[in-house]
Structure formats: C-alpha cells, structure tokens
>>> print(open('start.txt').read())   # compact mmCIF, C-alpha atoms and all ligand atoms
# COMPACT_ATOMS: atom_id res chain seq x y z
CA MET A 1 -25.08 -9.29 -2.93
CA ILE A 2 -22.29 -7.07 -4.25
CA ASN A 3 -19.06 -7.66 -2.36
CA PHE A 4 -16.78 -4.85 -1.36
CA ASN A 5 -13.80 -6.73 -2.74
CA GLU A 6 -13.08 -9.88 -4.71
CA ALA A 7 -9.50 -11.04 -5.07
CA PRO A 8 -8.16 -10.71 -8.62
CA TYR A 9 -8.04 -14.03 -10.47
CA LEU A 10 -7.00 -14.58 -14.09
CA GLY A 11 -7.38 -18.35 -14.45
CA THR A 12 -3.75 -18.97 -15.40
CA GLU A 13 -2.56 -19.18 -11.79
CA PHE A 14 -3.31 -22.91 -11.36
CA ALA A 15 -1.05 -24.05 -14.19
CA CYS A 16 1.87 -22.15 -12.65
CA ILE A 17 1.22 -23.61 -9.20
CA LYS A 18 1.12 -27.09 -10.69
CA GLU A 19 4.43 -26.47 -12.40
CA ALA A 20 5.98 -25.29 -9.13
CA ILE A 21 4.75 -28.47 -7.42
CA ASP A 22 5.93 -30.71 -10.26
CA SER A 23 9.36 -29.07 -10.17
CA LYS A 24 9.67 -30.33 -6.55
CA HIS A 25 10.77 -26.90 -5.40
CA ILE A 26 8.04 -25.41 -3.26
CA SER A 27 10.12 -23.65 -0.62
CA GLY A 28 11.22 -20.05 -1.13
CA ASP A 29 13.34 -18.56 -3.91
CA GLY A 30 12.48 -21.11 -6.60
CA LYS A 31 11.79 -20.38 -10.25
CA TYR A 32 8.63 -18.35 -9.71
CA THR A 33 10.02 -16.20 -6.91
CA LYS A 34 12.90 -15.29 -9.22
CA LEU A 35 10.49 -14.53 -12.07
CA CYS A 36 8.39 -12.29 -9.81
CA ASN A 37 11.51 -10.45 -8.61
CA GLU A 38 12.54 -9.91 -12.23
CA VAL A 39 9.15 -8.53 -13.25
CA LEU A 40 9.24 -6.15 -10.30
CA GLU A 41 12.80 -5.00 -11.05
CA ASN A 42 11.91 -4.37 -14.70
CA LEU A 43 8.75 -2.51 -13.78
CA THR A 44 10.17 -0.36 -11.01
CA LYS A 45 13.87 -0.06 -11.93
CA ALA A 46 14.59 -0.85 -8.27
CA LYS A 47 18.15 -2.09 -7.73
CA LYS A 48 16.74 -5.20 -6.07
CA ALA A 49 13.24 -6.62 -5.59
CA LEU A 50 12.70 -9.40 -3.07
CA LEU A 51 9.40 -11.19 -2.67
CA THR A 52 8.26 -11.37 0.96
CA ASN A 53 5.41 -12.91 2.96
CA SER A 54 3.62 -9.59 3.17
CA CYS A 55 4.07 -5.85 3.04
CA THR A 56 4.28 -6.03 6.81
CA ALA A 57 7.26 -8.39 6.46
CA ALA A 58 8.93 -5.90 4.09
CA LEU A 59 8.28 -3.07 6.56
CA GLU A 60 9.71 -5.15 9.42
CA MET A 61 12.78 -5.92 7.31
CA SER A 62 13.16 -2.19 6.64
CA ALA A 63 12.95 -1.47 10.36
CA LEU A 64 15.69 -4.03 11.03
CA MET A 65 17.88 -2.44 8.35
CA LEU A 66 17.59 1.00 9.94
CA ASN A 67 19.35 -0.37 13.07
CA LEU A 68 16.88 1.48 15.26
CA GLU A 69 17.67 1.91 18.94
CA PRO A 70 15.12 2.52 21.68
CA GLY A 71 14.16 6.18 21.62
CA ASP A 72 14.88 6.64 17.93
CA GLU A 73 11.97 8.20 16.09
CA VAL A 74 10.23 7.53 12.80
CA ILE A 75 7.62 9.82 11.25
CA CYS A 76 4.48 8.48 9.58
CA PRO A 77 0.85 9.44 9.03
CA SER A 78 -1.76 8.46 11.60
CA PHE A 79 -4.30 7.76 8.85
CA THR A 80 -2.87 4.44 7.69
CA PHE A 81 -2.86 0.71 8.25
CA VAL A 82 -1.49 -0.51 11.60
CA THR A 83 1.74 -2.06 10.37
CA THR A 84 3.06 1.17 8.81
CA ALA A 85 3.73 2.09 12.44
CA SER A 86 3.89 -1.20 14.35
CA SER A 87 6.76 -2.59 12.23
CA PHE A 88 8.99 0.18 13.56
CA ALA A 89 7.58 0.17 17.11
CA LEU A 90 8.52 -3.53 17.19
CA ARG A 91 12.19 -2.45 16.97
CA GLY A 92 11.76 0.01 19.85
CA ALA A 93 11.24 3.15 17.82
CA LYS A 94 8.96 5.94 18.95
CA ILE A 95 6.32 6.64 16.30
CA VAL A 96 5.73 10.30 15.50
CA PHE A 97 2.32 10.78 13.91
CA LEU A 98 1.61 13.63 11.50
CA ASP A 99 -1.60 14.82 9.92
CA ILE A 100 -2.50 14.24 6.26
CA LYS A 101 -3.34 16.67 3.47
CA ASN A 102 -6.99 17.37 2.83
CA ASP A 103 -6.69 16.68 -0.91
CA THR A 104 -4.72 13.43 -1.45
CA LEU A 105 -5.03 12.24 2.17
CA ASN A 106 -1.26 11.63 2.12
CA LEU A 107 1.27 12.63 4.77
CA ASP A 108 1.48 16.44 4.76
CA GLU A 109 5.03 17.14 3.66
CA ASN A 110 4.67 20.75 4.85
CA LEU A 111 4.46 19.51 8.46
CA LEU A 112 7.49 17.23 8.25
CA GLU A 113 10.23 19.63 9.23
CA GLN A 114 8.59 20.61 12.52
CA ALA A 115 8.49 16.92 13.52
CA VAL A 116 12.20 16.26 12.98
CA THR A 117 14.32 15.96 16.14
CA PRO A 118 17.94 14.81 16.70
CA ARG A 119 16.50 11.30 17.28
CA THR A 120 14.59 11.10 13.98
CA LYS A 121 15.86 8.27 11.79
CA ALA A 122 13.31 7.80 9.04
CA ILE A 123 10.20 9.05 7.26
CA ILE A 124 7.56 6.52 6.22
CA PRO A 125 5.35 8.04 3.52
CA VAL A 126 2.24 6.03 2.62
CA HIS A 127 0.88 6.35 -0.92
CA TYR A 128 -2.76 6.31 0.10
CA ALA A 129 -5.19 4.83 -2.44
CA GLY A 130 -2.27 4.36 -4.83
CA VAL A 131 -1.78 8.12 -5.25
CA SER A 132 1.82 9.13 -4.65
CA CYS A 133 3.02 11.41 -1.86
CA GLU A 134 5.00 14.54 -2.82
CA MET A 135 8.25 12.59 -2.93
CA ASP A 136 10.51 15.44 -4.12
CA ASN A 137 9.76 17.48 -1.00
CA ILE A 138 10.02 14.43 1.27
CA LEU A 139 13.41 13.42 -0.20
CA GLU A 140 14.67 16.98 0.16
CA ILE A 141 13.86 17.06 3.88
CA ALA A 142 15.32 13.55 4.32
CA LYS A 143 18.54 14.70 2.70
CA LYS A 144 18.74 17.88 4.78
CA TYR A 145 18.45 15.93 8.06
CA ASN A 146 20.15 12.72 6.93
CA LEU A 147 17.03 10.55 7.30
CA LYS A 148 16.12 7.36 5.50
CA VAL A 149 12.88 7.11 3.53
CA VAL A 150 10.88 3.87 3.58
CA GLU A 151 7.88 4.06 1.24
CA ASP A 152 4.82 2.14 2.37
CA ALA A 153 3.71 1.50 -1.20
CA ALA A 154 1.35 -1.33 -0.19
CA GLN A 155 -1.48 0.24 -2.18
CA ALA A 156 0.68 1.69 -4.96
CA VAL A 157 1.87 -1.27 -7.04
CA GLY A 158 1.81 0.08 -10.60
CA SER A 159 1.53 3.74 -9.52
CA PHE A 160 3.95 6.46 -10.58
CA TYR A 161 5.26 9.80 -9.33
CA LYS A 162 6.75 11.87 -12.15
CA GLU A 163 7.37 8.68 -14.19
CA LYS A 164 9.09 6.90 -11.29
CA SER A 165 7.43 3.83 -9.80
CA CYS A 166 6.08 4.32 -6.30
CA GLY A 167 8.24 2.19 -4.01
CA SER A 168 11.38 2.86 -6.07
CA ILE A 169 11.93 6.43 -4.91
CA GLY A 170 12.97 6.21 -1.23
CA ASP A 171 15.83 4.10 0.16
CA LEU A 172 13.42 1.19 0.52
CA GLY A 173 9.90 0.48 -0.73
CA CYS A 174 7.29 -2.02 0.49
CA TYR A 175 4.57 -3.62 -1.66
CA SER A 176 1.58 -5.70 -0.65
CA PHE A 177 -0.03 -8.57 -2.55
CA HIS A 178 -2.72 -9.13 0.06
CA GLU A 179 -6.15 -10.22 -1.14
CA THR A 180 -7.42 -6.64 -0.89
CA LYS A 181 -4.75 -5.20 -3.17
CA ASN A 182 -4.68 -4.80 -6.98
CA ILE A 183 -2.33 -7.74 -7.56
CA SER A 184 -2.65 -10.58 -5.11
CA CYS A 185 -1.61 -14.04 -3.99
CA GLY A 186 -3.69 -13.91 -0.80
CA GLU A 187 -0.86 -12.97 1.51
CA GLY A 188 2.32 -11.61 -0.02
CA GLY A 189 4.54 -8.61 -0.52
CA ALA A 190 7.88 -7.38 -1.76
CA LEU A 191 10.76 -5.28 -0.58
CA LEU A 192 12.28 -2.92 -3.13
CA VAL A 193 15.86 -1.94 -2.35
CA ASN A 194 16.80 1.29 -4.08
CA ASN A 195 19.77 2.28 -1.92
CA GLU A 196 22.40 -0.30 -2.88
CA ASN A 197 24.04 -0.11 0.55
CA PHE A 198 21.06 -2.14 1.80
CA ILE A 199 21.08 -4.96 -0.76
CA GLU A 200 23.32 -7.45 1.02
CA GLN A 201 21.70 -6.79 4.40
CA ALA A 202 18.22 -7.21 2.90
CA GLU A 203 19.12 -10.65 1.55
CA ILE A 204 20.57 -11.70 4.91
CA ILE A 205 17.62 -10.46 6.98
CA ARG A 206 15.16 -12.20 4.65
CA GLU A 207 17.03 -15.51 4.96
CA LYS A 208 16.80 -15.76 8.76
CA GLY A 209 19.93 -13.67 9.30
CA THR A 210 22.15 -16.04 7.33
CA ASN A 211 24.31 -15.48 4.25
CA ARG A 212 22.47 -18.26 2.43
CA SER A 213 21.87 -16.18 -0.72
CA LYS A 214 25.63 -15.67 -1.10
CA PHE A 215 26.13 -19.41 -0.57
CA PHE A 216 23.67 -20.27 -3.37
CA ARG A 217 25.51 -17.88 -5.68
CA GLY A 218 28.78 -19.65 -4.83
CA GLN A 219 30.26 -16.53 -3.20
CA VAL A 220 30.94 -18.32 0.13
CA ASP A 221 31.54 -22.05 0.64
CA LYS A 222 29.26 -22.48 3.66
CA TYR A 223 26.46 -20.44 5.07
CA THR A 224 26.11 -19.26 8.62
CA TRP A 225 24.30 -16.89 10.99
CA VAL A 226 25.67 -13.40 10.37
CA GLU A 227 23.13 -11.00 11.88
CA LEU A 228 19.55 -10.63 13.11
CA GLY A 229 16.88 -11.67 10.66
CA SER A 230 13.82 -13.83 10.32
CA SER A 231 11.86 -15.88 7.80
CA TYR A 232 10.52 -13.36 5.33
CA LEU A 233 10.35 -15.34 2.09
CA PRO A 234 7.18 -16.92 0.72
CA SER A 235 6.76 -20.44 -0.69
CA ASP A 236 7.36 -20.71 -4.43
CA MET A 237 3.75 -21.98 -4.74
CA LEU A 238 2.52 -18.54 -3.73
CA ALA A 239 4.98 -16.88 -6.10
CA ALA A 240 3.58 -19.15 -8.84
CA TYR A 241 0.07 -17.84 -8.10
CA LEU A 242 1.36 -14.28 -8.15
CA TYR A 243 3.50 -14.42 -11.29
CA PRO A 244 0.73 -14.41 -13.96
CA GLN A 245 -0.94 -11.45 -12.26
CA LEU A 246 2.31 -9.50 -11.98
CA SER A 247 2.90 -10.15 -15.67
CA GLU A 248 -0.60 -8.87 -16.48
CA MET A 249 -0.44 -5.93 -14.12
CA LYS A 250 -1.03 -3.39 -16.87
CA GLN A 251 -4.25 -5.10 -17.96
CA ILE A 252 -5.48 -5.49 -14.37
CA ASN A 253 -4.78 -1.88 -13.43
CA GLU A 254 -6.22 -0.51 -16.68
CA ARG A 255 -9.48 -2.31 -15.99
CA ARG A 256 -9.57 -0.81 -12.51
CA ILE A 257 -8.87 2.65 -13.97
CA GLU A 258 -11.91 2.28 -16.26
CA LEU A 259 -14.13 1.47 -13.29
CA TRP A 260 -12.55 4.24 -11.22
CA ASN A 261 -13.06 6.82 -13.99
CA ASN A 262 -16.67 5.75 -14.36
CA TYR A 263 -17.35 6.35 -10.65
CA HIS A 264 -15.51 9.65 -10.81
CA LYS A 265 -17.45 10.99 -13.79
CA ASN A 266 -20.80 9.99 -12.30
CA PHE A 267 -20.23 11.74 -8.96
CA GLU A 268 -18.79 14.97 -10.35
CA GLU A 269 -22.10 16.81 -10.22
CA PHE A 270 -22.55 15.99 -6.52
CA GLU A 271 -19.10 17.30 -5.68
CA ASN A 272 -19.84 20.51 -7.57
CA ARG A 273 -22.96 20.91 -5.43
CA GLY A 274 -20.90 20.46 -2.26
CA ILE A 275 -22.64 17.22 -1.18
CA ILE A 276 -19.58 14.98 -1.30
CA LYS A 277 -15.84 15.14 -1.92
CA ARG A 278 -14.22 12.85 -4.48
CA PRO A 279 -10.60 11.60 -4.59
CA TYR A 280 -7.98 14.01 -5.89
CA VAL A 281 -5.04 12.99 -8.07
CA PRO A 282 -2.27 15.59 -8.61
CA VAL A 283 -1.12 16.04 -12.23
CA ASN A 284 2.34 14.59 -11.54
CA CYS A 285 0.87 11.29 -10.24
CA ARG A 286 -0.29 8.34 -12.32
CA HIS A 287 -2.36 6.17 -10.00
CA ASN A 288 -3.36 2.49 -10.12
CA ALA A 289 -7.04 2.89 -9.16
CA HIS A 290 -6.47 0.99 -5.95
CA MET A 291 -9.43 2.61 -4.27
CA TYR A 292 -12.52 4.68 -4.94
CA TYR A 293 -13.90 6.59 -2.01
CA LEU A 294 -16.39 9.34 -1.22
CA ARG A 295 -16.25 11.80 1.65
CA PHE A 296 -19.47 12.97 3.30
CA SER A 297 -19.98 16.04 5.45
CA SER A 298 -20.56 14.11 8.70
CA LEU A 299 -20.23 10.78 10.47
CA ASP A 300 -24.01 10.62 10.70
CA ILE A 301 -24.49 10.80 6.93
CA ARG A 302 -21.76 8.23 6.35
CA THR A 303 -23.38 5.80 8.79
CA LYS A 304 -26.73 6.27 7.04
CA PHE A 305 -25.05 5.73 3.67
CA ILE A 306 -23.36 2.46 4.67
CA ASN A 307 -26.65 1.19 6.14
CA PHE A 308 -28.62 2.24 3.06
CA MET A 309 -26.19 0.44 0.78
CA LYS A 310 -26.21 -2.65 3.00
CA GLN A 311 -30.01 -2.79 2.86
CA ASN A 312 -29.59 -2.84 -0.90
CA GLU A 313 -27.04 -5.62 -0.59
CA ILE A 314 -24.02 -3.52 -1.52
CA MET A 315 -21.06 -3.68 0.82
CA CYS A 316 -19.23 -0.41 1.44
CA VAL A 317 -16.60 -0.02 4.16
CA PHE A 318 -14.72 2.70 5.99
CA HIS A 319 -11.26 2.94 7.52
CA TYR A 320 -8.95 3.81 9.39
CA ILE A 321 -9.31 4.32 13.13
CA PRO A 322 -6.52 6.92 13.43
CA LEU A 323 -3.43 5.23 14.85
CA HIS A 324 -2.74 8.14 17.21
CA SER A 325 -6.03 7.45 19.00
CA SER A 326 -5.63 3.65 19.10
CA PRO A 327 -4.45 2.04 22.39
CA ALA A 328 -1.11 0.88 20.97
CA GLY A 329 -0.64 4.09 19.01
CA GLN A 330 -0.90 6.02 22.26
CA LYS A 331 1.57 3.70 23.94
CA TYR A 332 4.20 3.67 21.18
CA GLY A 333 3.59 6.98 19.50
CA GLN A 334 3.12 10.69 19.91
CA VAL A 335 1.44 13.37 17.88
CA VAL A 336 3.11 16.45 16.48
CA GLY A 337 0.73 19.25 15.51
CA LYS A 338 -3.00 18.95 14.91
CA MET A 339 -4.85 15.88 13.66
CA ASP A 340 -7.89 17.68 12.25
CA THR A 341 -7.85 16.17 8.76
CA THR A 342 -7.03 12.67 10.03
CA ASP A 343 -9.89 12.77 12.55
CA ASN A 344 -12.32 14.20 10.04
CA VAL A 345 -11.50 11.79 7.20
CA SER A 346 -11.64 8.83 9.55
CA GLU A 347 -15.27 9.72 10.30
CA THR A 348 -16.47 10.73 6.85
CA LEU A 349 -14.74 8.57 4.22
CA VAL A 350 -16.38 5.51 2.69
CA ARG A 351 -14.86 3.09 0.18
CA LEU A 352 -16.95 1.81 -2.71
CA PRO A 353 -16.70 -1.70 -4.20
CA LEU A 354 -13.93 -1.80 -6.80
CA PHE A 355 -12.23 -4.94 -8.05
CA TYR A 356 -10.79 -6.39 -11.25
CA GLY A 357 -13.64 -8.85 -11.86
CA MET A 358 -16.42 -6.25 -11.49
CA ASN A 359 -18.47 -5.61 -14.62
CA PHE A 360 -20.13 -2.37 -15.68
CA GLU A 361 -23.65 -3.74 -15.04
CA THR A 362 -22.75 -4.35 -11.41
CA GLN A 363 -21.18 -0.93 -11.18
CA GLU A 364 -24.31 0.65 -12.61
CA VAL A 365 -26.40 -0.94 -9.85
CA ILE A 366 -24.01 0.54 -7.28
CA ILE A 367 -24.04 3.98 -8.89
CA ASN A 368 -27.83 4.05 -9.20
CA ASN A 369 -28.20 3.23 -5.51
CA ILE A 370 -25.74 5.95 -4.60
CA PHE A 371 -27.72 8.41 -6.73
CA LEU A 372 -30.87 7.48 -4.82
CA PHE A 373 -29.10 8.16 -1.53
CA LEU A 374 -27.44 11.40 -2.62
CA LYS A 375 -30.69 12.79 -4.05
CA SER A 376 -32.42 12.12 -0.75
CA LEU A 377 -29.94 14.35 1.12
C1 LIG B 1 -2.39 -3.51 3.08
C2 LIG B 1 -1.46 -2.53 3.71
C3 LIG B 1 -0.38 -2.95 4.51
C4 LIG B 1 -0.18 -4.37 4.93
O1 LIG B 1 -0.01 -5.23 3.87
P1 LIG B 1 0.15 -6.83 4.18
O2 LIG B 1 0.68 -7.36 2.89
O3 LIG B 1 -1.20 -7.32 4.53
O4 LIG B 1 1.13 -6.95 5.29
C5 LIG B 1 0.48 -1.99 5.00
N1 LIG B 1 0.30 -0.69 4.74
C6 LIG B 1 -0.72 -0.24 3.99
C7 LIG B 1 -0.87 1.23 3.72
C8 LIG B 1 -1.65 -1.15 3.46
O5 LIG B 1 -2.69 -0.70 2.75
>>> encode(input="start.txt", output="structure tokens", more="lines below")
Ligand SMILES: *Cc1c(COP(=O)(O)O)cnc(C)c1O
Amino acid sequence: MINFNEAPYLGTEFACIKEAIDSKHISGDGKYTKLCNEVLENLTKAKKALLTNSCTAALEMSALMLNLEPGDEVICPSFTFVTTASSFALRGAKIVFLDIKNDTLNLDENLLEQAVTPRTKAIIPVHYAGVSCEMDNILEIAKKYNLKVVEDAAQAVGSFYKEKSCGSIGDLGCYSFHETKNISCGEGGALLVNNENFIEQAEIIREKGTNRSKFFRGQVDKYTWVELGSSYLPSDMLAAYLYPQLSEMKQINERRIELWNNYHKNFEEFENRGIIKRPYVPVNCRHNAHMYYLRFSSLDIRTKFINFMKQNEIMCVFHYIPLHSSPAGQKYGQVVGKMDTTDNVSETLVRLPLFYGMNFETQEVIINNIFLFLKSL
C-alpha cells in the first residue's frame, strides 16, 4: 500500500533526543529549543522565533496578543484548517469568512476591503499548499485600516514571497511541525514575532502568563504572574527531534520539489486538454512543495478517482469542509460575499501522496495509475 503521508525522518533525530535526556533538561526552553529558535530566526529573519506545541498554539498566542474583545472581527478564508478560525473564536472574536482565488486557492485579497468594518482587528492569510498569499496587497489594506496581520504559515515553512520567508511578513507568523507537514516532530509549531512590540508579550504568554523568560535572563530577580497566558512551550525532547530536520530543511524541501515537479510535468497534457486543473504558483512565490493536488470537474469524478486509487492501494485524500458551512463556523462566523470557489474546490480537489521518503519508483506507480484513470474519462 502507498500511504498518503509518511512523517519525515532523517535518522539523526535519536542521537539528539538522547543528548537532551542525558543533559537532564527535558522541560521546555533547553538547548535544543534554543537551537531550533536560532535556526528559524536565521532562516526567516524574524525578530523572534519561539517554538510552540503546535501551530494552533501559536495562533492562540497571536489571538491573545491582539487583545480581542467580544464582537471584534478577524478575516480569514473559509477554505482552511479549523484552527485558523477557532483560535480567534476562542477569544470571543467573530470570524469573517472570505472566498479564495481560483488560481492559488489563497484568500482573495481583492475581496478584503469590502469585509472590513470598524470592528475588524486582524487579517489571517493562509499560505495554502505552501504558496504565498499576495502579501503586498494584504499589508497595504492592513495599513490603511490599522489592522494586524497574522500569517497562518503552517504549510509554508521554507516558502518565500518576493525573497521574504512566509511567516516573517505580517506582524506575527505561525508555523506547524505536525506529522503531516514538511518538517516535523509529530506535534509542534513556532510563533514568529516580526513586530517587535509583541516580543515581550509573546514570551510572557508562552510561559503561562509569567515573566519567567526575563527572570532566566537575569532582568528581574523573581518571576510572577503578569498577564493571561498558558503553557505553549514544547519539551526539549521534541525540540531535539525537530532540530536535525530544521537544519536539513533545504535538503528535505528540495527533495519534495523534485517529486512535485515530476507530478506537475506528467499531468500537464491533461490540464491542456481541460480534464484537470493543476496547482498554480505565481512568479513572485518560491514554494516548499508542501502539497500536490489535482482538481476535477465534479464531485462525482473525484469520488470515483479516490475509490479507483484506493482499489489500487494508493491513498489519496481531500479537504477541507468549508468552515463557513461547518456547525461551529456558522455559530462563530459569518460570510461576506460569495463562496463559489471555496465550495467548488472543497468538492473537486484531491491531494496526491507526497512525502520526503517517497522514491521515484513509488511515484511512477502512482502516476501510472492516475494515467489509467484520466484516460478512462
Ligand atoms: C496543519 C495546519 C494547522 C494546524 O497545525 P498544528 O500544528 O497541527 O496545530 C493550522 N493551519 C493550517 C493551514 C494547517 O495546515
């Protein structure tokens, strides 16, 4: 059977975990957490990178930092993972869902302005499939209306927009190191702080609302509860697992790009004949090959495709149920404008297996099966 995803694994992770254990520091912010933060700061040029338990934790921290009050609004796409929205709803914000663009499947920046109200506090762009949103336009609108920008860059670790790292462009950026992402320690994430006004608050929120980080740096002589926060820092054992992969990110992402390009080349002919749509990457974006997907012309064909592949022991999956039509999305959110692209993509997109450890022979089996299906259409 060919899995949809296999977590990246280099083989050097164990030695680092053992070292973390031997050092007798396995709680948060030990040697490996600091090393991971450094790698991320060097890569992204973010003013501060803080390892977290997940991208969701980083999004929740961002929501706390925005000091949202009930009735405040944040704008995000409906075609995204649950916690892009729920992290802000948790703080009482109303979620305003916008449609995506039909090419990149990212938040449509042309619809943003019509969704802004006097209660709008932030825009949450999601770099879908590791392909950047049009950040210049988004930042311009944020500036005009004095909004904060929190990038959900969960899928975009190692992606760039005009030579800037995704996640380092808005006020705050959130990364994921979940098993399904390019770089992974099972469950993990990071908060990138690009607006320096947020640095101190980010450290406090991450350390249960205490000024413990300042205490460890010798800047205060005892630490205490200073504002609302929670436990958002991972064990140093997880950071030790993550560190070798973060250090080898270039190699991991380049391998994925090779596989991605191979899919892309092979399906070109079928796109030209109007049978499928392939992913689109604008010229000013350098992506990380987080995902390869195809779009069919109907839900019926997609269902047949997934079943056909499954019969041939190849796992392909779809996502997302649009958040605006989910029970909680309806309770905590509202839609501005149409949702045509979101609804259509949700029914017609399928993700193909793509992971670091996949070899070309396996990929050839997948491609040949897809050819069989496409030729039967
Ligand atoms: C994976 C993902 C998340 C959640 O990441 P976790 O690290 O599992 O919390 C959030 N947003 C997007 C767009 C994602 O793809």
>>> closest_residue(input="start.txt", among="A:Tyr320, A:Phe4, A:Phe267, A:Phe177", to="ligand LIG 1 (chain B)", atoms="all atoms listed in the file")
A:Phe177
>>> closest_residue(input="start.txt", among="A:Ile75, A:Leu51, A:Ala46, A:Met339", to="ligand LIG 1 (chain B)", atoms="only C-alpha atoms and all ligand atoms")
A:Leu51
>>> closest_residue(input="start.txt", among="A:His290, A:Arg273, A:Lys222, A:Arg255", to="ligand LIG 1 (chain B)", atoms="only C-alpha atoms and all ligand atoms")
A:His290
>>> residues_around(input="start.txt", residues="Asn182 in chain A", least_positions_apart="5", cutoff="10 Å", atoms="all atoms listed in the file", output="VMD selection string")
chain A and resid 7 to 8 130 154 to 158 176 to 177 245 to 246 249 252 to 253 256 288 to 291 354 to 356
>>> residues_near_ligand(input="start.txt", ligand="ligand LIG 1 (chain B)", cutoff="7 Å", atoms="all atoms listed in the file", output="mmCIF file with C-alpha atoms, keeping the file's coordinate frame")
data_model
loop_
_atom_site.group_PDB
_atom_site.id
_atom_site.type_symbol
_atom_site.label_atom_id
_atom_site.label_comp_id
_atom_site.auth_asym_id
_atom_site.auth_seq_id
_atom_site.Cartn_x
_atom_site.Cartn_y
_atom_site.Cartn_z
ATOM 1 C CA SER A 54 3.620 -9.590 3.170
ATOM 2 C CA CYS A 55 4.070 -5.850 3.040
ATOM 3 C CA THR A 56 4.280 -6.030 6.810
ATOM 4 C CA ALA A 57 7.260 -8.390 6.460
ATOM 5 C CA THR A 80 -2.870 4.440 7.690
ATOM 6 C CA PHE A 81 -2.860 0.710 8.250
ATOM 7 C CA THR A 83 1.740 -2.060 10.370
ATOM 8 C CA THR A 84 3.060 1.170 8.810
ATOM 9 C CA VAL A 126 2.240 6.030 2.620
ATOM 10 C CA TYR A 128 -2.760 6.310 0.100
ATOM 11 C CA ASP A 152 4.820 2.140 2.370
ATOM 12 C CA ALA A 153 3.710 1.500 -1.200
ATOM 13 C CA ALA A 154 1.350 -1.330 -0.190
ATOM 14 C CA GLN A 155 -1.480 0.240 -2.180
ATOM 15 C CA SER A 176 1.580 -5.700 -0.650
ATOM 16 C CA PHE A 177 -0.030 -8.570 -2.550
ATOM 17 C CA HIS A 178 -2.720 -9.130 0.060
ATOM 18 C CA LYS A 181 -4.750 -5.200 -3.170
ATOM 19 C CA GLU A 187 -0.860 -12.970 1.510
ATOM 20 C CA GLY A 188 2.320 -11.610 -0.020
ATOM 21 C CA GLY A 189 4.540 -8.610 -0.520
#
>>> residues_around(input="start.txt", residues="Ile26 in chain A", least_positions_apart="2", cutoff="10 Å", atoms="all atoms listed in the file", output="ChimeraX atom specification")
/A:17,19-24,28-32,234-240
>>> residues_near_point(input="start.txt", point="(24.9, -9.8, -1.2)", cutoff="7 Å", atoms="all atoms listed in the file", output="list in words")
Ile199, Glu200, Glu203 and Lys214 of chain A
>>> closest_residue(input="start.txt", among="A:Val39, A:Asn5, A:Ser62, A:Pro353", to="Lys250 in chain A", atoms="all atoms listed in the file")
A:Val39
>>> atom_distance(input="start.txt", atom1="CA of His319 in chain A", atom2="CA of Leu349 in chain A")
7.4 Å
>>> residues_near_point(input="start.txt", point="(11.4, 9.4, 3.9)", cutoff="6 Å", atoms="all atoms listed in the file", output="PyMOL selection string")
chain A and resi 122-124+138+142+148-150
>>> residues_around(input="start.txt", residues="Ile306 in chain A", least_positions_apart="2", cutoff="12 Å", atoms="only C-alpha atoms", output="number ranges by chain")
A: 4, 294, 296, 299-304, 308-318, 348-353, 369-370, 373
>>> residues_around(input="start.txt", residues="Pro322 in chain A", least_positions_apart="5", cutoff="9 Å", atoms="only C-alpha atoms", output="number ranges by chain")
A: 77-81, 329, 342-343, 346
>>> closest_residue(input="start.txt", among="A:Asn67, A:Leu228, A:Val82, A:Lys45", to="Pro327 in chain A", atoms="only C-alpha atoms")
A:Val82
>>> closest_residue(input="start.txt", among="A:Glu268, A:Glu347, A:Glu41, A:Glu258", to="Gly167 in chain A", atoms="all atoms listed in the file")
A:Glu41
>>> residues_around(input="start.txt", residues="Ile275 in chain A", least_positions_apart="3", cutoff="9 Å", atoms="all atoms listed in the file", output="PyMOL selection string")
chain A and resi 270-272+295-297+374+377
>>> atom_distance(input="start.txt", atom1="CA of Lys34 in chain A", atom2="CA of Ala15 in chain A")
17.2 Å
>>> atom_distance(input="start.txt", atom1="CA of Gln363 in chain A", atom2="CA of Thr180 in chain A")
18.1 Å
>>> build_atoms(input="start.txt", residues="range 127-138 of chain A", atoms="N, CA, C and O atoms", output="short mmCIF file (atom, residue, chain, number, x, y, z; two decimals), in the coordinates of the input")
data_model
loop_
_atom_site.label_atom_id
_atom_site.label_comp_id
_atom_site.auth_asym_id
_atom_site.auth_seq_id
_atom_site.Cartn_x
_atom_site.Cartn_y
_atom_site.Cartn_z
N HIS A 127 1.56 5.87 0.29
CA HIS A 127 0.88 6.35 -0.92
C HIS A 127 -0.57 5.90 -0.85
O HIS A 127 -0.94 4.85 -1.40
N TYR A 128 -1.38 6.70 -0.18
CA TYR A 128 -2.76 6.31 0.10
C TYR A 128 -3.56 6.19 -1.20
O TYR A 128 -3.50 7.05 -2.07
N ALA A 129 -4.32 5.10 -1.28
CA ALA A 129 -5.19 4.83 -2.44
C ALA A 129 -4.40 4.72 -3.74
O ALA A 129 -4.97 4.85 -4.83
N GLY A 130 -3.10 4.50 -3.62
CA GLY A 130 -2.27 4.36 -4.83
C GLY A 130 -1.91 5.69 -5.47
O GLY A 130 -1.43 5.72 -6.60
N VAL A 131 -2.15 6.78 -4.75
CA VAL A 131 -1.78 8.12 -5.25
C VAL A 131 -0.51 8.55 -4.51
O VAL A 131 -0.50 8.58 -3.28
N SER A 132 0.51 8.90 -5.26
CA SER A 132 1.82 9.13 -4.65
C SER A 132 1.84 10.35 -3.73
O SER A 132 1.18 11.36 -3.97
N CYS A 133 2.68 10.25 -2.70
CA CYS A 133 3.02 11.41 -1.86
C CYS A 133 3.90 12.35 -2.67
O CYS A 133 4.42 11.99 -3.72
N GLU A 134 4.10 13.56 -2.16
CA GLU A 134 5.00 14.54 -2.82
C GLU A 134 6.44 14.15 -2.52
O GLU A 134 7.08 14.68 -1.61
N MET A 135 6.96 13.19 -3.27
CA MET A 135 8.25 12.59 -2.93
C MET A 135 9.43 13.55 -3.05
O MET A 135 10.38 13.44 -2.29
N ASP A 136 9.38 14.50 -3.99
CA ASP A 136 10.51 15.44 -4.12
C ASP A 136 10.73 16.20 -2.82
O ASP A 136 11.85 16.31 -2.32
N ASN A 137 9.65 16.72 -2.26
CA ASN A 137 9.76 17.48 -1.00
C ASN A 137 10.22 16.58 0.15
O ASN A 137 11.02 16.98 0.99
N ILE A 138 9.68 15.35 0.18
CA ILE A 138 10.02 14.43 1.27
C ILE A 138 11.51 14.05 1.18
O ILE A 138 12.22 14.06 2.19
#
